[in-house]
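What follows is query39.cif (mmCIF, C-alpha atoms and all ligand atoms).
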data_input
#
loop_
_atom_site.label_atom_id
_atom_site.label_comp_id
_atom_site.auth_asym_id
_atom_site.auth_seq_id
_atom_site.Cartn_x
_atom_site.Cartn_y
_atom_site.Cartn_z
CA MET A 274 25.60 23.58 115.89
CA GLU A 275 29.28 22.82 115.34
CA THR A 276 32.37 24.79 116.29
CA LYS A 277 32.60 26.31 112.79
CA ASP A 278 29.04 27.66 113.10
CA TYR A 279 29.83 29.44 116.38
CA LEU A 280 33.06 30.83 114.94
CA LYS A 281 31.14 32.14 111.92
CA ILE A 282 28.71 33.95 114.22
CA LEU A 283 31.68 35.42 116.08
CA LYS A 284 33.20 36.76 112.87
CA GLU A 285 30.13 37.75 110.89
CA GLU A 286 27.43 38.71 113.38
CA ILE A 287 29.42 39.83 116.43
CA HIS A 288 32.69 40.87 114.74
CA SER A 289 33.82 43.44 117.36
CA THR A 290 34.77 41.59 120.52
CA VAL A 291 36.62 42.28 123.73
CA ILE A 292 39.90 40.39 124.07
CA ALA A 293 41.67 40.06 127.41
CA THR A 294 45.33 39.30 128.01
CA VAL A 295 47.53 39.78 131.06
CA ASP A 296 50.26 42.39 131.33
CA SER A 297 53.81 41.86 132.60
CA ASP A 298 52.57 42.32 136.20
CA GLY A 299 50.03 39.54 135.69
CA LEU A 300 47.12 42.00 135.71
CA PRO A 301 44.22 41.76 133.25
CA VAL A 302 43.94 44.05 130.22
CA ALA A 303 40.93 44.10 127.90
CA ARG A 304 40.32 45.96 124.64
CA VAL A 305 38.01 45.90 121.62
CA ILE A 306 39.37 43.78 118.77
CA ASP A 307 37.69 42.73 115.51
CA ILE A 308 37.52 39.09 114.51
CA MET A 309 38.67 39.20 110.91
CA LEU A 310 38.42 35.59 109.74
CA ALA A 311 37.00 32.30 110.93
CA ASP A 312 37.45 28.77 109.65
CA ASP A 313 36.45 25.35 110.98
CA ASN A 314 38.63 25.46 114.06
CA SER A 315 40.22 28.90 114.39
CA VAL A 316 39.55 32.59 114.49
CA TYR A 317 41.96 35.29 113.34
CA PHE A 318 42.55 38.86 114.43
CA LEU A 319 45.30 41.36 113.83
CA THR A 320 47.19 43.98 115.71
CA ALA A 321 50.21 46.21 115.20
CA LYS A 322 53.64 45.29 116.48
CA GLY A 323 54.00 48.56 118.39
CA LYS A 324 50.99 47.94 120.63
CA ALA A 325 51.06 46.70 124.21
CA PHE A 326 48.51 44.13 123.09
CA TYR A 327 51.05 42.61 120.69
CA SER A 328 53.75 42.34 123.38
CA GLN A 329 51.31 40.70 125.79
CA LEU A 330 50.24 38.16 123.18
CA VAL A 331 53.84 37.25 122.43
CA GLU A 332 54.77 37.02 126.10
CA LYS A 333 51.74 34.97 127.15
CA PRO A 334 49.98 33.48 124.11
CA PHE A 335 46.60 32.96 125.71
CA VAL A 336 43.43 35.04 125.31
CA ALA A 337 39.93 35.34 126.66
CA ILE A 338 37.50 36.66 124.04
CA SER A 339 33.94 37.81 124.60
CA GLY A 340 31.54 39.34 122.14
CA MET A 341 27.87 40.02 121.87
CA CYS A 342 25.35 41.13 119.27
CA GLY A 343 21.71 42.09 119.47
CA GLY A 344 19.39 44.86 120.56
CA THR A 345 20.02 46.90 123.68
CA GLY A 346 17.39 46.29 126.35
CA THR A 347 15.92 43.27 124.58
CA MET A 348 16.26 39.51 124.90
CA ASN A 349 17.37 39.34 121.27
CA LYS A 350 21.01 38.81 122.14
CA LYS A 351 23.70 36.27 121.35
CA ALA A 352 27.08 36.08 123.02
CA ILE A 353 30.18 33.98 122.46
CA SER A 354 33.17 33.60 124.75
CA ILE A 355 36.39 31.71 124.07
CA ARG A 356 39.43 31.06 126.21
CA GLY A 357 42.31 29.63 124.27
CA LYS A 358 45.80 29.49 122.91
CA VAL A 359 46.94 31.96 120.32
CA GLU A 360 49.85 32.01 117.86
CA CYS A 361 51.30 34.75 115.70
CA ILE A 362 51.20 33.79 112.02
CA GLY A 363 52.90 36.98 110.84
CA LYS A 364 51.62 38.33 107.51
CA GLU A 365 49.93 35.08 106.54
CA LYS A 366 46.29 35.77 105.72
CA LEU A 367 46.80 39.56 105.85
CA ASP A 368 45.70 40.03 102.24
CA GLU A 369 42.70 37.80 102.81
CA ILE A 370 41.78 39.86 105.88
CA PHE A 371 41.83 43.08 103.85
CA ARG A 372 39.80 41.44 101.08
CA GLU A 373 37.15 40.12 103.49
CA ASN A 374 37.01 43.28 105.60
CA PRO A 375 37.10 46.22 103.14
CA TYR A 376 36.61 48.78 105.95
CA MET A 377 40.14 47.97 107.11
CA ALA A 378 41.47 49.86 104.07
CA GLU A 379 40.08 53.04 105.62
CA ILE A 380 42.31 52.51 108.65
CA TYR A 381 45.39 51.20 106.85
CA PRO A 382 44.96 52.55 103.27
CA GLU A 383 48.16 51.73 101.40
CA PRO A 384 50.11 48.49 101.62
CA GLU A 385 53.09 50.43 103.11
CA THR A 386 50.96 51.44 106.10
CA ARG A 387 50.31 47.79 106.88
CA SER A 388 53.90 46.86 107.57
CA ALA A 389 53.53 46.71 111.37
CA LEU A 390 50.47 44.46 111.24
CA LYS A 391 50.65 40.89 112.51
CA VAL A 392 47.96 38.27 112.32
CA PHE A 393 47.10 36.02 115.27
CA ARG A 394 45.24 32.74 115.21
CA VAL A 395 43.28 31.34 118.15
CA TYR A 396 43.75 27.64 117.50
CA GLU A 397 42.86 25.71 120.62
CA GLY A 398 40.47 26.33 123.47
CA GLN A 399 37.03 26.16 125.00
CA GLY A 400 34.06 28.24 123.95
CA GLU A 401 30.60 29.03 125.12
CA PHE A 402 27.59 30.19 123.16
CA PHE A 403 24.75 32.00 124.90
CA ASP A 404 21.46 32.90 123.23
CA LEU A 405 18.94 34.86 125.30
CA SER A 406 16.30 34.88 122.55
CA THR A 407 15.23 31.26 123.12
CA LYS A 408 12.98 30.10 125.92
CA PRO A 409 14.56 28.71 128.01
CA ILE A 410 17.83 30.46 127.17
CA THR A 411 20.43 28.47 125.24
CA ARG A 412 23.89 27.80 126.59
CA GLU A 413 26.25 25.53 124.68
CA GLY A 414 29.89 24.69 125.03
CA PHE A 415 32.23 24.00 122.11
CA VAL A 416 35.90 23.31 121.56
CA LEU A 417 38.52 24.63 119.17
CA GLY A 418 41.31 22.48 117.83
CA GLU A 419 42.79 19.65 119.82
CA GLU A 420 41.28 20.67 123.13
CA GLU A 421 39.21 17.96 124.80
CA LYS A 422 35.69 19.02 125.49
CA GLN A 423 35.31 19.12 129.24
CA ALA A 424 31.91 17.51 129.71
CA ASN A 425 30.00 19.44 132.35
CA ALA A 426 33.19 21.32 133.10
CA VAL A 427 31.26 24.07 134.79
CA GLY A 428 27.82 24.16 136.26
CA TYR A 429 25.74 22.01 138.55
CA VAL A 430 24.71 18.35 138.67
CA ILE A 431 22.19 16.49 140.79
CA THR A 432 23.62 13.37 142.38
CA ASP A 433 22.09 10.11 143.61
CA ARG A 434 21.39 11.68 146.98
CA CYS A 435 18.36 13.41 145.37
CA ILE A 436 15.08 12.58 147.15
CA GLY A 437 12.87 14.04 144.40
CA CYS A 438 11.37 16.85 146.51
CA GLN A 439 11.58 19.29 143.56
CA MET A 440 12.64 22.22 145.73
CA CYS A 441 15.36 22.88 143.13
CA TYR A 442 12.81 22.98 140.34
CA SER A 443 10.71 25.55 142.23
CA VAL A 444 13.64 28.01 142.41
CA CYS A 445 15.08 27.33 138.92
CA PRO A 446 14.60 30.56 136.88
CA GLN A 447 14.65 28.67 133.56
CA LYS A 448 12.72 25.59 134.79
CA CYS A 449 15.39 23.52 133.13
CA ILE A 450 15.34 20.62 135.59
CA ASP A 451 13.71 17.41 134.44
CA THR A 452 11.52 16.19 137.31
CA SER A 453 10.20 13.05 135.61
CA ASP A 454 12.58 10.75 137.46
CA VAL A 455 14.74 10.63 140.60
CA PRO A 456 17.45 11.84 140.69
CA LEU A 457 16.21 14.94 138.89
CA VAL A 458 18.37 16.03 135.95
CA ILE A 459 19.56 19.55 135.06
CA ASP A 460 19.39 20.34 131.34
CA GLN A 461 22.89 21.79 130.92
CA MET A 462 22.00 23.45 127.64
CA HIS A 463 19.66 25.88 129.36
CA CYS A 464 21.15 26.22 132.85
CA LEU A 465 22.12 29.76 133.95
CA HIS A 466 24.55 28.43 136.59
CA CYS A 467 22.87 30.61 139.22
CA GLY A 468 23.27 27.99 141.94
CA ASN A 469 19.74 28.35 143.39
CA CYS A 470 19.27 24.57 143.17
CA MET A 471 22.30 23.88 145.33
CA GLU A 472 21.27 26.52 147.87
CA VAL A 473 17.84 25.03 148.51
CA CYS A 474 18.49 21.30 148.26
CA PRO A 475 17.64 19.90 151.72
CA VAL A 476 19.90 16.86 151.37
CA GLY A 477 22.93 18.39 149.64
CA ALA A 478 22.33 16.42 146.45
CA VAL A 479 23.39 19.21 144.09
CA GLU A 480 27.09 19.58 143.36
CA ARG A 481 29.04 22.24 141.59
CA ASN A 482 31.47 20.97 138.99
CA ARG A 483 33.99 23.80 139.11
C1 LIG B 501 35.45 48.75 116.95
C2 LIG B 501 36.93 48.66 117.24
C3 LIG B 501 37.67 47.65 116.67
C4 LIG B 501 39.03 47.53 116.93
N1 LIG B 501 39.73 46.51 116.36
C5 LIG B 501 41.04 46.44 116.60
C6 LIG B 501 41.78 45.37 116.02
O1 LIG B 501 41.25 44.52 115.29
N2 LIG B 501 43.13 45.30 116.27
C7 LIG B 501 43.76 46.23 117.08
O2 LIG B 501 44.96 46.12 117.30
N3 LIG B 501 43.08 47.24 117.65
C8 LIG B 501 41.74 47.36 117.43
N4 LIG B 501 41.04 48.37 118.02
C9 LIG B 501 41.75 49.28 118.94
C10 LIG B 501 41.92 48.60 120.31
O3 LIG B 501 40.66 48.46 120.92
C11 LIG B 501 42.88 49.26 121.31
O4 LIG B 501 42.44 50.50 121.66
C12 LIG B 501 44.27 49.34 120.82
O5 LIG B 501 44.66 48.16 120.19
C13 LIG B 501 45.24 49.60 121.96
O6 LIG B 501 45.26 48.51 122.83
P1 LIG B 501 46.46 48.22 123.80
O7 LIG B 501 46.79 49.53 124.48
O8 LIG B 501 45.94 47.20 124.74
O9 LIG B 501 47.60 47.73 122.98
C14 LIG B 501 39.67 48.49 117.78
C15 LIG B 501 38.90 49.50 118.34
C16 LIG B 501 37.57 49.60 118.07
C17 LIG B 501 36.79 50.70 118.72
#

Here is a file; write its structure as structure tokens.
Amino acid sequence: METKDYLKILKEEIHSTVIATVDSDGLPVARVIDIMLADDNSVYFLTAKGKAFYSQLVEKPFVAISGMCGGTGTMNKKAISIRGKVECIGKEKLDEIFRENPYMAEIYPEPETRSALKVFRVYEGQGEFFDLSTKPITREGFVLGEEEKQANAVGYVITDRCIGCQMCYSVCPQKCIDTSDVPLVIDQMHCLHCGNCMEVCPVGAVERNR
């Protein structure tokens, strides 16, 4: 899938997300925010000028977003997280937001009641898609905007020191380590990043990227 496909899932299937900022003391704050629009490389949300959220976004224009959809207590769940830069675009796209999200008119009925609203665009950053419904689970990174994709930015890799003992494979919960050759290779798309492989490797061949 491409970035635009993940962003579409975020807007259409997940929609209500949790967005974190930091306050003026540098402490984290998180609250539920709806993703109103998505295009090829950005997502859009809105807030009101009087809110602490707005001030935090203006002061430090960076957000961490997480959202999930699916059934409680089942493996039928998808999640998307994004960390990225955000910019205020004022009233641009406000009408489009109200057209695409008719329920918003129940909260802000008349145009006069919308005067404090400001639209924000997340335009650059790193994302992660997680799908528990596949076997093994799916984990995929994606980028928004100009950001360079950090290949294997997080997670574990098996280096040339590997002796092929397969101890890592035996403790891998997703069995996502290819044992057909030495060094063994972790399939990053399915890795849970649990670190079991690094713990058990007798020769220290597994390294953590970050
Ligand atoms: C389902 C749901 C969706 C929400 N969507 C938004 C939103 O899109 N924009 C917004 O400013 N507040 C939204 N809120 C309210 C915020 O979660 C939050 O309570 C409010 O913005 C105050 O946050 P603050 O004190 O950090 O400024 C939503 C709340 C719920 C329950």

Among listed residues A:Cys445, A:Val458, A:Met309, A:Ile355, nearest A:Pro375 (using all atoms listed in the file):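 Smallest distance to A:Pro375 is found for A:Met309.
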
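Distances to ligand LIG 501 (chain B) were evaluated for A:Met348, A:Val392, A:Ile306, A:Leu300 using all atoms listed in the file, and the minimum falls at A:Ile306.
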
Which residue of A:Pro409, A:Gly418, A:Gly363, A:Gly400 approaches A:Asp312 most closely, using all atoms listed in the file: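 Comparing A:Pro409, A:Gly418, A:Gly363, A:Gly400 against A:Asp312, the winner is A:Gly418.
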
Given 8 Å and only C-alpha atoms and all ligand atoms, residues near ligand LIG 501 (chain B) as a PyMOL selection string: chain A and resi 289-291+302-309+318-321+323-327

Coordinates-based distance that separates atom CA of A:Asp451 from atom CA of A:Cys474 (Å, one decimal):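 These two atoms are separated by 15.1 Å.
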
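The list of residues with at least one atom within 10 Å of A:Thr294, based on all atoms listed in the file and without residues fewer than 2 positions apart in the same chain, reads Ile292, Asp296, Ser297, Gly299, Leu300, Pro301, Val302, Ala303, Arg304, Phe326, Tyr327, Gln329, Leu330, Glu332, Lys333, Pro334, Phe335, Val336, Ala337 and Ile338 of chain A.
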
Of the listed residues A:Ala311, A:Leu405, A:Val395, A:Cys470, that which approaches A:Val444 most closely, counting all atoms listed in the file: A:Cys470

Distance criterion (all atoms listed in the file): nearest to A:Glu472 out of A:Ile362, A:Ile410, A:Met440, A:Ile353: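 Of all the options, A:Met440 lies closest to A:Glu472.
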
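Using only C-alpha atoms, the contacts of A:Asp460 at a cut-off of 12 Å, with sequence neighbours closer than 5 positions omitted, comprise Pro409, Ile410, Thr411, Arg412, Glu413, Asn425, Gly428, Tyr429, Val430, Ile431, Tyr442, Cys445, Gln447, Lys448, Cys449, Ile450, Asp451, Thr452, Leu465 and His466 of chain A.
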
Generate a file of the selected residues that holds C-alpha atoms, formatted as a PDB file, in the frame of the given file.
ATOM      1  CA  PRO A 409      14.560  28.710 128.010  1.00  0.00           C
ATOM      2  CA  ILE A 410      17.830  30.460 127.170  1.00  0.00           C
ATOM      3  CA  THR A 411      20.430  28.470 125.240  1.00  0.00           C
ATOM      4  CA  ARG A 412      23.890  27.800 126.590  1.00  0.00           C
ATOM      5  CA  GLU A 413      26.250  25.530 124.680  1.00  0.00           C
ATOM      6  CA  ASN A 425      30.000  19.440 132.350  1.00  0.00           C
ATOM      7  CA  GLY A 428      27.820  24.160 136.260  1.00  0.00           C
ATOM      8  CA  TYR A 429      25.740  22.010 138.550  1.00  0.00           C
ATOM      9  CA  VAL A 430      24.710  18.350 138.670  1.00  0.00           C
ATOM     10  CA  ILE A 431      22.190  16.490 140.790  1.00  0.00           C
ATOM     11  CA  TYR A 442      12.810  22.980 140.340  1.00  0.00           C
ATOM     12  CA  CYS A 445      15.080  27.330 138.920  1.00  0.00           C
ATOM     13  CA  GLN A 447      14.650  28.670 133.560  1.00  0.00           C
ATOM     14  CA  LYS A 448      12.720  25.590 134.790  1.00  0.00           C
ATOM     15  CA  CYS A 449      15.390  23.520 133.130  1.00  0.00           C
ATOM     16  CA  ILE A 450      15.340  20.620 135.590  1.00  0.00           C
ATOM     17  CA  ASP A 451      13.710  17.410 134.440  1.00  0.00           C
ATOM     18  CA  THR A 452      11.520  16.190 137.310  1.00  0.00           C
ATOM     19  CA  LEU A 465      22.120  29.760 133.950  1.00  0.00           C
ATOM     20  CA  HIS A 466      24.550  28.430 136.590  1.00  0.00           C
TER      21      HIS A 466
END

Separation of atom CA of A:Glu401 from atom CA of A:Arg356 in Å: 9.1 Å

Nearest residue to A:Val316 from the set A:Ser328, A:Thr345, A:Lys350, A:Gly357 (distances using all atoms listed in the file): A:Gly357
